[in-house]
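Enquirer: What follows is query24.cif; its format and atoms are mmCIF, C-alpha atoms and all ligand atoms.
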data_data
loop_
_atom_site.group_PDB
_atom_site.id
_atom_site.type_symbol
_atom_site.label_atom_id
_atom_site.label_comp_id
_atom_site.auth_asym_id
_atom_site.auth_seq_id
_atom_site.Cartn_x
_atom_site.Cartn_y
_atom_site.Cartn_z
ATOM 1 C CA MET D 195 52.248 17.266 113.085
ATOM 2 C CA THR D 196 53.389 13.817 114.241
ATOM 3 C CA VAL D 197 57.078 13.207 113.879
ATOM 4 C CA THR D 198 58.248 9.630 113.515
ATOM 5 C CA ILE D 199 61.766 8.950 114.706
ATOM 6 C CA PRO D 200 63.115 5.688 113.239
ATOM 7 C CA PRO D 201 63.715 3.017 115.932
ATOM 8 C CA GLU D 202 67.233 2.375 114.530
ATOM 9 C CA LEU D 203 68.109 6.008 115.184
ATOM 10 C CA ILE D 204 66.718 5.839 118.720
ATOM 11 C CA ALA D 205 68.851 2.739 119.334
ATOM 12 C CA ALA D 206 71.966 4.416 117.888
ATOM 13 C CA LEU D 207 71.503 7.414 120.194
ATOM 14 C CA HIS D 208 70.991 5.214 123.257
ATOM 15 C CA VAL D 209 74.487 3.770 122.840
ATOM 16 C CA ALA D 210 76.234 6.812 121.340
ATOM 17 C CA LYS D 211 79.222 8.138 123.288
ATOM 18 C CA LYS D 212 79.914 11.167 121.103
ATOM 19 C CA VAL D 213 77.382 13.120 119.061
ATOM 20 C CA VAL D 214 78.179 16.035 116.735
ATOM 21 C CA PHE D 215 75.723 18.681 115.549
ATOM 22 C CA LEU D 216 76.633 20.707 112.480
ATOM 23 C CA THR D 217 74.169 23.575 112.257
ATOM 24 C CA GLY D 218 73.343 26.315 109.773
ATOM 25 C CA ALA D 219 71.010 29.253 109.240
ATOM 26 C CA GLY D 220 67.918 26.999 109.286
ATOM 27 C CA VAL D 221 68.383 26.336 113.006
ATOM 28 C CA SER D 222 68.005 30.053 113.783
ATOM 29 C CA ALA D 223 65.256 30.699 111.219
ATOM 30 C CA GLU D 224 62.518 29.877 113.746
ATOM 31 C CA SER D 225 64.010 32.490 116.103
ATOM 32 C CA GLY D 226 63.283 35.066 113.401
ATOM 33 C CA ILE D 227 66.882 35.515 112.235
ATOM 34 C CA PRO D 228 66.794 35.961 108.478
ATOM 35 C CA THR D 229 69.138 33.654 106.601
ATOM 36 C CA PHE D 230 72.051 35.294 104.891
ATOM 37 C CA ARG D 231 70.257 35.721 101.591
ATOM 38 C CA ASP D 232 66.960 36.807 103.204
ATOM 39 C CA ALA D 233 68.832 39.535 105.098
ATOM 40 C CA MET D 234 69.089 41.754 102.006
ATOM 41 C CA THR D 235 66.156 44.044 102.718
ATOM 42 C CA GLY D 236 65.723 47.732 103.625
ATOM 43 C CA LEU D 237 68.751 49.858 102.854
ATOM 44 C CA TRP D 238 70.592 46.834 101.535
ATOM 45 C CA GLU D 239 68.130 45.476 98.981
ATOM 46 C CA ARG D 240 70.260 46.771 96.102
ATOM 47 C CA TYR D 241 73.159 44.564 97.231
ATOM 48 C CA SER D 242 73.858 40.853 97.354
ATOM 49 C CA ALA D 243 75.319 39.281 100.493
ATOM 50 C CA GLU D 244 78.426 38.451 98.496
ATOM 51 C CA GLN D 245 78.878 42.192 97.743
ATOM 52 C CA LEU D 246 78.862 43.125 101.446
ATOM 53 C CA ALA D 247 80.560 40.190 103.117
ATOM 54 C CA THR D 248 84.064 40.758 101.795
ATOM 55 C CA ALA D 249 87.177 42.631 102.851
ATOM 56 C CA ASP D 250 87.007 44.553 99.543
ATOM 57 C CA ALA D 251 83.498 45.773 100.362
ATOM 58 C CA PHE D 252 84.684 47.015 103.770
ATOM 59 C CA THR D 253 87.663 48.791 102.195
ATOM 60 C CA ARG D 254 85.389 50.419 99.593
ATOM 61 C CA ASP D 255 82.539 51.476 101.897
ATOM 62 C CA ARG D 256 83.047 50.584 105.566
ATOM 63 C CA GLU D 257 79.955 52.511 106.769
ATOM 64 C CA LEU D 258 77.691 50.477 104.536
ATOM 65 C CA VAL D 259 79.193 47.162 105.659
ATOM 66 C CA TRP D 260 79.408 48.022 109.389
ATOM 67 C CA GLY D 261 75.808 49.303 109.312
ATOM 68 C CA TRP D 262 74.585 46.032 107.778
ATOM 69 C CA TYR D 263 76.331 43.918 110.418
ATOM 70 C CA GLU D 264 75.170 46.127 113.297
ATOM 71 C CA TRP D 265 71.601 45.752 112.017
ATOM 72 C CA ARG D 266 72.038 41.964 111.944
ATOM 73 C CA ARG D 267 73.604 42.024 115.432
ATOM 74 C CA MET D 268 70.602 43.958 116.736
ATOM 75 C CA GLN D 269 68.241 41.346 115.263
ATOM 76 C CA VAL D 270 70.174 38.579 117.010
ATOM 77 C CA MET D 271 70.197 40.390 120.365
ATOM 78 C CA LYS D 272 66.425 40.799 120.188
ATOM 79 C CA ALA D 273 65.883 37.124 119.263
ATOM 80 C CA GLU D 274 65.513 34.159 121.610
ATOM 81 C CA PRO D 275 66.792 30.601 121.173
ATOM 82 C CA ASN D 276 64.107 28.281 119.806
ATOM 83 C CA ALA D 277 63.066 24.697 120.541
ATOM 84 C CA ALA D 278 65.797 23.310 118.269
ATOM 85 C CA HIS D 279 68.597 25.165 120.097
ATOM 86 C CA ARG D 280 67.140 24.024 123.420
ATOM 87 C CA ALA D 281 66.799 20.364 122.364
ATOM 88 C CA ILE D 282 70.413 20.319 121.133
ATOM 89 C CA ALA D 283 71.560 21.708 124.508
ATOM 90 C CA ALA D 284 69.405 19.154 126.360
ATOM 91 C CA ILE D 285 70.932 16.231 124.435
ATOM 92 C CA ALA D 286 74.303 17.182 125.945
ATOM 93 C CA SER D 287 72.957 16.161 129.340
ATOM 94 C CA GLN D 288 72.141 12.664 128.025
ATOM 95 C CA VAL D 289 75.225 11.769 125.969
ATOM 96 C CA ALA D 290 78.801 11.542 127.289
ATOM 97 C CA SER D 291 80.160 14.023 124.748
ATOM 98 C CA VAL D 292 78.395 16.480 122.448
ATOM 99 C CA ASP D 293 80.048 18.968 120.078
ATOM 100 C CA VAL D 294 78.133 21.767 118.398
ATOM 101 C CA ILE D 295 79.770 23.043 115.213
ATOM 102 C CA THR D 296 77.910 25.986 113.740
ATOM 103 C CA GLN D 297 78.132 28.117 110.637
ATOM 104 C CA ASN D 298 75.931 30.683 112.367
ATOM 105 C CA VAL D 299 77.379 33.948 113.611
ATOM 106 C CA ASP D 300 74.716 34.390 116.301
ATOM 107 C CA ASP D 301 74.998 33.206 119.924
ATOM 108 C CA LEU D 302 71.668 31.373 120.187
ATOM 109 C CA HIS D 303 73.247 27.951 120.831
ATOM 110 C CA GLU D 304 75.148 29.415 123.791
ATOM 111 C CA ARG D 305 72.085 31.211 125.108
ATOM 112 C CA ALA D 306 70.154 27.907 124.938
ATOM 113 C CA GLY D 307 72.812 26.315 127.160
ATOM 114 C CA SER D 308 75.250 24.652 124.735
ATOM 115 C CA HIS D 309 78.896 24.843 125.776
ATOM 116 C CA ASN D 310 82.081 25.056 123.709
ATOM 117 C CA VAL D 311 80.293 25.869 120.476
ATOM 118 C CA LEU D 312 82.686 25.896 117.500
ATOM 119 C CA HIS D 313 81.873 28.909 115.323
ATOM 120 C CA LEU D 314 83.337 28.115 111.917
ATOM 121 C CA HIS D 315 82.269 31.459 110.417
ATOM 122 C CA GLY D 316 83.049 33.668 113.421
ATOM 123 C CA GLN D 317 80.693 35.627 115.671
ATOM 124 C CA LEU D 318 78.860 38.930 115.285
ATOM 125 C CA ASN D 319 79.670 39.887 118.860
ATOM 126 C CA ARG D 320 83.452 39.429 118.461
ATOM 127 C CA PRO D 321 84.575 42.314 116.228
ATOM 128 C CA PHE D 322 88.246 43.086 115.830
ATOM 129 C CA CYS D 323 90.531 45.645 114.212
ATOM 130 C CA PHE D 324 90.739 45.429 110.403
ATOM 131 C CA ALA D 325 94.358 46.605 110.576
ATOM 132 C CA CYS D 326 95.962 44.926 113.616
ATOM 133 C CA ARG D 327 93.284 42.286 114.492
ATOM 134 C CA GLN D 328 93.108 43.326 118.153
ATOM 135 C CA PRO D 329 89.701 42.263 119.609
ATOM 136 C CA HIS D 330 87.330 45.163 120.247
ATOM 137 C CA ALA D 331 84.911 45.370 123.191
ATOM 138 C CA LEU D 332 81.467 46.483 121.994
ATOM 139 C CA GLN D 333 79.323 48.905 123.986
ATOM 140 C CA PRO D 334 76.952 46.967 126.244
ATOM 141 C CA GLY D 335 73.275 46.880 125.261
ATOM 142 C CA THR D 336 71.432 46.370 122.020
ATOM 143 C CA PRO D 337 72.482 48.568 119.087
ATOM 144 C CA ASP D 338 69.619 50.929 118.384
ATOM 145 C CA GLU D 339 69.160 50.520 114.655
ATOM 146 C CA PRO D 340 66.148 51.892 112.788
ATOM 147 C CA GLU D 341 63.912 49.475 110.856
ATOM 148 C CA GLY D 342 65.824 48.545 107.711
ATOM 149 C CA GLY D 343 69.109 49.705 109.235
ATOM 150 C CA ARG D 344 71.402 52.591 108.341
ATOM 151 C CA ARG D 345 74.958 53.368 107.327
ATOM 152 C CA LEU D 346 77.140 53.584 110.399
ATOM 153 C CA ALA D 347 80.771 54.527 110.993
ATOM 154 C CA PRO D 348 82.669 51.656 112.653
ATOM 155 C CA PRO D 349 84.476 52.373 115.927
ATOM 156 C CA GLN D 350 88.252 52.737 115.866
ATOM 157 C CA CYS D 351 90.867 50.533 117.458
ATOM 158 C CA ASN D 352 92.226 51.800 120.776
ATOM 159 C CA ARG D 353 95.645 50.336 119.948
ATOM 160 C CA CYS D 354 96.335 51.408 116.333
ATOM 161 C CA ASN D 355 93.359 53.638 115.469
ATOM 162 C CA GLY D 356 92.412 51.280 112.613
ATOM 163 C CA TYR D 357 88.760 50.584 111.842
ATOM 164 C CA ILE D 358 86.887 47.842 113.649
ATOM 165 C CA ARG D 359 85.405 45.143 111.411
ATOM 166 C CA PRO D 360 82.741 42.513 112.126
ATOM 167 C CA GLY D 361 84.012 39.332 113.768
ATOM 168 C CA VAL D 362 82.789 37.074 110.980
ATOM 169 C CA VAL D 363 84.587 35.110 108.286
ATOM 170 C CA TRP D 364 84.082 36.894 104.978
ATOM 171 C CA PHE D 365 84.042 35.330 101.536
ATOM 172 C CA GLY D 366 87.589 34.600 100.467
ATOM 173 C CA GLU D 367 88.911 34.386 104.050
ATOM 174 C CA MET D 368 90.262 31.353 105.877
ATOM 175 C CA LEU D 369 88.212 29.697 108.587
ATOM 176 C CA PRO D 370 89.650 30.078 112.123
ATOM 177 C CA GLU D 371 92.267 27.333 112.304
ATOM 178 C CA ALA D 372 91.656 26.134 115.869
ATOM 179 C CA GLU D 373 87.876 25.844 115.344
ATOM 180 C CA TRP D 374 88.294 24.057 112.037
ATOM 181 C CA ASN D 375 90.809 21.557 113.457
ATOM 182 C CA ALA D 376 88.576 20.882 116.458
ATOM 183 C CA ALA D 377 85.588 20.373 114.132
ATOM 184 C CA VAL D 378 87.467 17.834 111.996
ATOM 185 C CA GLU D 379 88.654 16.039 115.124
ATOM 186 C CA ALA D 380 85.079 15.863 116.470
ATOM 187 C CA CYS D 381 83.776 14.483 113.172
ATOM 188 C CA ASP D 382 86.583 11.923 113.166
ATOM 189 C CA ALA D 383 85.600 10.626 116.601
ATOM 190 C CA CYS D 384 81.780 10.767 116.728
ATOM 191 C CA ASP D 385 79.246 7.936 116.623
ATOM 192 C CA VAL D 386 76.336 10.032 115.338
ATOM 193 C CA LEU D 387 76.447 13.276 113.336
ATOM 194 C CA PHE D 388 73.452 15.552 112.813
ATOM 195 C CA SER D 389 73.393 18.146 110.029
ATOM 196 C CA VAL D 390 70.650 20.568 111.025
ATOM 197 C CA GLY D 391 69.331 23.498 108.979
ATOM 198 C CA THR D 392 72.179 23.841 106.529
ATOM 199 C CA SER D 393 71.978 23.832 102.754
ATOM 200 C CA SER D 394 75.266 21.864 102.556
ATOM 201 C CA LEU D 395 76.365 24.289 99.851
ATOM 202 C CA VAL D 396 79.171 26.194 101.538
ATOM 203 C CA GLN D 397 82.595 24.556 101.790
ATOM 204 C CA PRO D 398 84.532 23.479 103.719
ATOM 205 C CA ALA D 399 81.778 23.013 106.372
ATOM 206 C CA ALA D 400 79.641 20.993 103.953
ATOM 207 C CA GLY D 401 82.407 18.383 103.769
ATOM 208 C CA LEU D 402 82.264 17.546 107.501
ATOM 209 C CA PRO D 403 79.244 15.164 107.360
ATOM 210 C CA LEU D 404 80.907 13.385 104.426
ATOM 211 C CA LEU D 405 84.024 12.785 106.545
ATOM 212 C CA ALA D 406 81.804 11.071 109.102
ATOM 213 C CA ALA D 407 79.744 9.177 106.490
ATOM 214 C CA ARG D 408 82.959 7.707 105.038
ATOM 215 C CA ARG D 409 83.656 6.199 108.482
ATOM 216 C CA ARG D 410 80.136 4.658 108.452
ATOM 217 C CA VAL D 411 79.039 6.976 111.248
ATOM 218 C CA THR D 412 75.254 7.401 111.520
ATOM 219 C CA VAL D 413 74.601 10.690 109.657
ATOM 220 C CA VAL D 414 71.223 12.337 110.224
ATOM 221 C CA GLN D 415 69.930 15.332 108.283
ATOM 222 C CA VAL D 416 67.192 17.621 109.657
ATOM 223 C CA ASN D 417 65.879 19.976 106.968
ATOM 224 C CA PRO D 418 62.495 20.737 105.383
ATOM 225 C CA ASN D 419 64.179 20.787 101.961
ATOM 226 C CA SER D 420 66.421 18.390 100.131
ATOM 227 C CA THR D 421 70.162 19.023 99.847
ATOM 228 C CA SER D 422 73.164 17.267 98.363
ATOM 229 C CA LEU D 423 73.549 15.459 101.712
ATOM 230 C CA ASP D 424 70.282 13.509 101.211
ATOM 231 C CA SER D 425 72.001 10.612 99.491
ATOM 232 C CA HIS D 426 74.781 10.358 102.117
ATOM 233 C CA ALA D 427 72.621 10.630 105.254
ATOM 234 C CA ARG D 428 71.390 7.405 106.815
ATOM 235 C CA PHE D 429 68.294 9.238 108.085
ATOM 236 C CA ASN D 430 66.606 12.273 106.504
ATOM 237 C CA LEU D 431 64.216 13.828 109.010
ATOM 238 C CA VAL D 432 62.189 16.176 106.818
ATOM 239 C CA GLY D 433 60.744 19.200 108.592
ATOM 240 C CA ALA D 434 61.508 22.228 110.717
ATOM 241 C CA ALA D 435 64.300 21.819 113.270
ATOM 242 C CA GLY D 436 62.123 23.406 115.983
ATOM 243 C CA VAL D 437 59.624 20.560 115.555
ATOM 244 C CA ILE D 438 61.919 17.618 114.777
ATOM 245 C CA MET D 439 64.611 18.156 117.438
ATOM 246 C CA PRO D 440 62.306 18.250 120.511
ATOM 247 C CA ALA D 441 60.333 15.289 119.102
ATOM 248 C CA LEU D 442 63.586 13.389 118.713
ATOM 249 C CA PHE D 443 64.625 14.180 122.276
ATOM 250 C CA ASP D 444 61.255 12.967 123.626
ATOM 251 C CA ALA D 445 61.428 9.780 121.535
ATOM 252 C CA VAL D 446 64.951 8.889 122.676
ATOM 253 C CA TRP D 447 64.821 10.012 126.318
ATOM 254 C CA PRO D 448 61.092 9.996 127.198
ATOM 255 C CA ALA D 449 61.647 9.994 130.960
ATOM 256 C CA SER D 450 63.855 13.099 130.858
ATOM 257 C CA SER D 451 61.625 15.643 129.127
HETATM 258 N N1 LIG D 501 64.556 24.013 110.165
HETATM 259 C C1 LIG D 501 65.588 23.364 109.545
HETATM 260 N N2 LIG D 501 66.118 23.780 108.392
HETATM 261 C C2 LIG D 501 65.618 24.892 107.823
HETATM 262 C C3 LIG D 501 64.567 25.617 108.406
HETATM 263 C C4 LIG D 501 64.017 25.136 109.628
HETATM 264 N N3 LIG D 501 63.022 25.753 110.249
HETATM 265 N N4 LIG D 501 64.303 26.683 107.598
HETATM 266 C C5 LIG D 501 65.154 26.613 106.570
HETATM 267 N N5 LIG D 501 65.947 25.532 106.704
HETATM 268 C C6 LIG D 501 67.043 25.083 105.828
HETATM 269 C C7 LIG D 501 66.887 25.429 104.358
HETATM 270 O O1 LIG D 501 66.130 24.424 103.688
HETATM 271 C C8 LIG D 501 68.349 25.442 103.896
HETATM 272 O O2 LIG D 501 68.744 24.147 103.510
HETATM 273 O O3 LIG D 501 68.189 25.778 106.247
HETATM 274 C C9 LIG D 501 69.110 25.843 105.173
HETATM 275 C C10 LIG D 501 69.683 27.242 105.141
HETATM 276 O O4 LIG D 501 70.643 27.313 104.123
HETATM 277 P P1 LIG D 501 71.612 28.579 103.950
HETATM 278 O O5 LIG D 501 70.828 29.849 104.024
HETATM 279 O O6 LIG D 501 72.447 28.314 102.737
HETATM 280 O O7 LIG D 501 72.471 28.556 105.290
HETATM 281 P P2 LIG D 501 73.788 27.764 105.659
HETATM 282 O O8 LIG D 501 73.772 26.389 105.150
HETATM 283 O O9 LIG D 501 73.990 28.004 107.116
HETATM 284 O O10 LIG D 501 74.843 28.618 104.851
HETATM 285 C C11 LIG D 501 76.191 28.434 105.133
HETATM 286 O O11 LIG D 501 76.793 30.352 103.812
HETATM 287 O O12 LIG D 501 75.720 32.308 103.488
HETATM 288 C C12 LIG D 501 76.888 31.752 103.957
HETATM 289 O O13 LIG D 501 78.413 32.239 105.717
HETATM 290 C C13 LIG D 501 77.040 32.045 105.422
HETATM 291 O O14 LIG D 501 77.214 30.565 107.314
HETATM 292 C C14 LIG D 501 76.558 30.774 106.085
HETATM 293 C C15 LIG D 501 76.960 29.708 105.069
#
What does the file become when written as structure tokens?
Expert:
Amino acid sequence: MTVTIPPELIAALHVAKKVVFLTGAGVSAESGIPTFRDAMTGLWERYSAEQLATADAFTRDRELVWGWYEWRRMQVMKAEPNAAHRAIAAIASQVASVDVITQNVDDLHERAGSHNVLHLHGQLNRPFCFACRQPHALQPGTPDEPEGGRRLAPPQCNRCNGYIRPGVVWFGEMLPEAEWNAAVEACDACDVLFSVGTSSLVQPAAGLPLLAARRRVTVVQVNPNSTSLDSHARFNLVGAAGVIMPALFDAVWPASS
């Protein structure tokens, strides 16, 4: 497939001092990480994500919820960053300042070489105590989960003996304040903002590109499907992030690839 990158976008990136990437599940899809809604298979097919990703669900049945997240963590640990993660990391070596703001709870941006990634929805590998919030160090190595997963008792806190919960932001919870403030600040100061692989459905993250668009920043969307951001983005690059992002890098910085 030939990808055409608009010359105006190439020109904008040549002079950009600060570029922001807001990423979602679509950026990890080509690494084989099922999106949130696709993750409801095996033991969990009778549930919706919204039924498992809440504090109430954990209080009701912590083994079910911990087992689901450990299964997802295992999938992430077995996955590798894809061409989109790598292109985003490579752009940081060409532009004075790059911020990656992600809704993903995996660590594939970091493993591709991106630094200071802002995780708006937390991280699978940063669990903490449900009772006293003390961080919990996981056992090294990949959790050994059977195909389809299993119920699993969460570990207990070595400070208060409470149960350890996944390090993600559940429905109904606040986003981490420092990450959110840093994300707003980055969107307030950037020249170009990319929204890559997100449905633009989940607030408040979906509002970030609109903040930038209101300042007449160049907003670029990379997605094979249309979203509510289509009409606000200056450029809609339609296709898979793993194809579009490396093509964009080669078009903008041909001597560096
Ligand atoms: N490249 C780019 N985009 C893709 C690709 C791909 N290869 N494959 C799918 N997409 C797009 C889909 O078209 C969709 O718009 O990725 C988007 C994924 O949307 P969601 O599953 O809604 O993921 P996201 O936007 O990250 O959801 C935000 O909602 O489920 C909660 O907390 C969860 O962080 C998540 C948040």
Enquirer: If we count all atoms listed in the file and set the cut-off at 10 Å, which residues sit around Asn310 in chain D, ignoring sequence neighbours fewer than 3 positions away in its own chain? Please answer as a list in words.
Expert: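 Residues meeting the cut-off are Val292, Asp293, Val294, Ile295, His303, Glu304, Gly307 and His313 of chain D.
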Enquirer: CA of Ala383 in chain D and CA of Val311 in chain D are how many Å apart?
Expert: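 Interatomic distance, CA of Ala383 in chain D to CA of Val311 in chain D: 16.6 Å.
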Enquirer: Restricting the calculation to all atoms listed in the file: of D:Gly361, D:Gly436, D:Pro275, D:Pro321, which residue gets closest to ligand LIG 501 (chain D)?
Expert: D:Gly436
Enquirer: Which residues, named as in the file, does the PyMOL selection byres (((chain D and resi 355) around 12) and not hetatm) pick out? Answer as a VMD selection string.
Expert: chain D and resid 322 to 328 330 348 to 354 356 to 358
Enquirer: Between CA of Ala278 in chain D and atom C3 of ligand LIG 501 (chain D), what is the spacing in Å?
Expert: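 Computing it gives 10.2 Å between the two atoms.
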Enquirer: Could you tell me which of D:Phe443, D:Ala427, D:Phe365, D:Glu371 comes closest to Ala251 in chain D if we count all atoms listed in the file?
Expert: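 Going through D:Phe443, D:Ala427, D:Phe365, D:Glu371 one by one, the smallest distance to Ala251 in chain D is for D:Phe365.
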Enquirer: Suppose a student applies the PyMOL selection byres (((chain D and resi 220) around 8) and not hetatm) to this structure; what residues should they get, written as an MDAnalysis selection string?
Expert: chainID D and resid 217:219 221:224 229 390:392 417 435
Enquirer: Here is a test: counting all atoms listed in the file, which residue of D:Ser393, D:Gln245, D:Thr296, D:Ser422 is nearest to ligand LIG 501 (chain D)?
Expert: D:Ser393
Enquirer: Between D:Leu395, D:Leu442, D:Ile204, D:Ala449, which one has atoms that come closest to ligand LIG 501 (chain D), using only C-alpha atoms and all ligand atoms?
Expert: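 For ligand LIG 501 (chain D), the nearest of the candidates is D:Leu395.
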Enquirer: In Å to one decimal, how far is CA of Leu203 in chain D from CA of Ala445 in chain D?
Expert: 10.0 Å
Enquirer: Check the smallest atom-to-atom distance from each of D:Ser394, D:Ser450, D:Thr248, D:Gln333 to ligand LIG 501 (chain D) using all atoms listed in the file, then report the winner.
Expert: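 Of the candidates, the smallest distance to ligand LIG 501 (chain D) is held by D:Ser394.
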Enquirer: Care to translate the PyMOL selection byres (((chain D and resi 418) around 7) and not hetatm) into actual residues of this file, as a PDB file with C-alpha atoms, in the coordinates of the input?
Expert:
ATOM      1  CA  ASN D 417      65.879  19.976 106.968  1.00  0.00           C
ATOM      2  CA  ASN D 419      64.179  20.787 101.961  1.00  0.00           C
ATOM      3  CA  SER D 420      66.421  18.390 100.131  1.00  0.00           C
ATOM      4  CA  VAL D 432      62.189  16.176 106.818  1.00  0.00           C
ATOM      5  CA  GLY D 433      60.744  19.200 108.592  1.00  0.00           C
ATOM      6  CA  ALA D 434      61.508  22.228 110.717  1.00  0.00           C
TER       7      ALA D 434
END
Enquirer: Excluding same-chain residues fewer than 2 positions from Val413 in chain D, what lies within 7 Å of it counting all atoms listed in the file, as a list of chain:residue names?
Expert: D:Val386, D:Leu387, D:Phe388, D:Pro403, D:Ala407, D:Val411, D:Gln415, D:Ala427, D:Arg428, D:Phe429
Enquirer: Go ahead and write the selection's residues with C-alpha atoms as a PDB file, keeping the file's coordinate frame.
Expert:
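again-v4.pdb, written as the output of this step:
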ATOM      1  CA  VAL D 386      76.336  10.032 115.338  1.00  0.00           C
ATOM      2  CA  LEU D 387      76.447  13.276 113.336  1.00  0.00           C
ATOM      3  CA  PHE D 388      73.452  15.552 112.813  1.00  0.00           C
ATOM      4  CA  PRO D 403      79.244  15.164 107.360  1.00  0.00           C
ATOM      5  CA  ALA D 407      79.744   9.177 106.490  1.00  0.00           C
ATOM      6  CA  VAL D 411      79.039   6.976 111.248  1.00  0.00           C
ATOM      7  CA  GLN D 415      69.930  15.332 108.283  1.00  0.00           C
ATOM      8  CA  ALA D 427      72.621  10.630 105.254  1.00  0.00           C
ATOM      9  CA  ARG D 428      71.390   7.405 106.815  1.00  0.00           C
ATOM     10  CA  PHE D 429      68.294   9.238 108.085  1.00  0.00           C
TER      11      PHE D 429
END
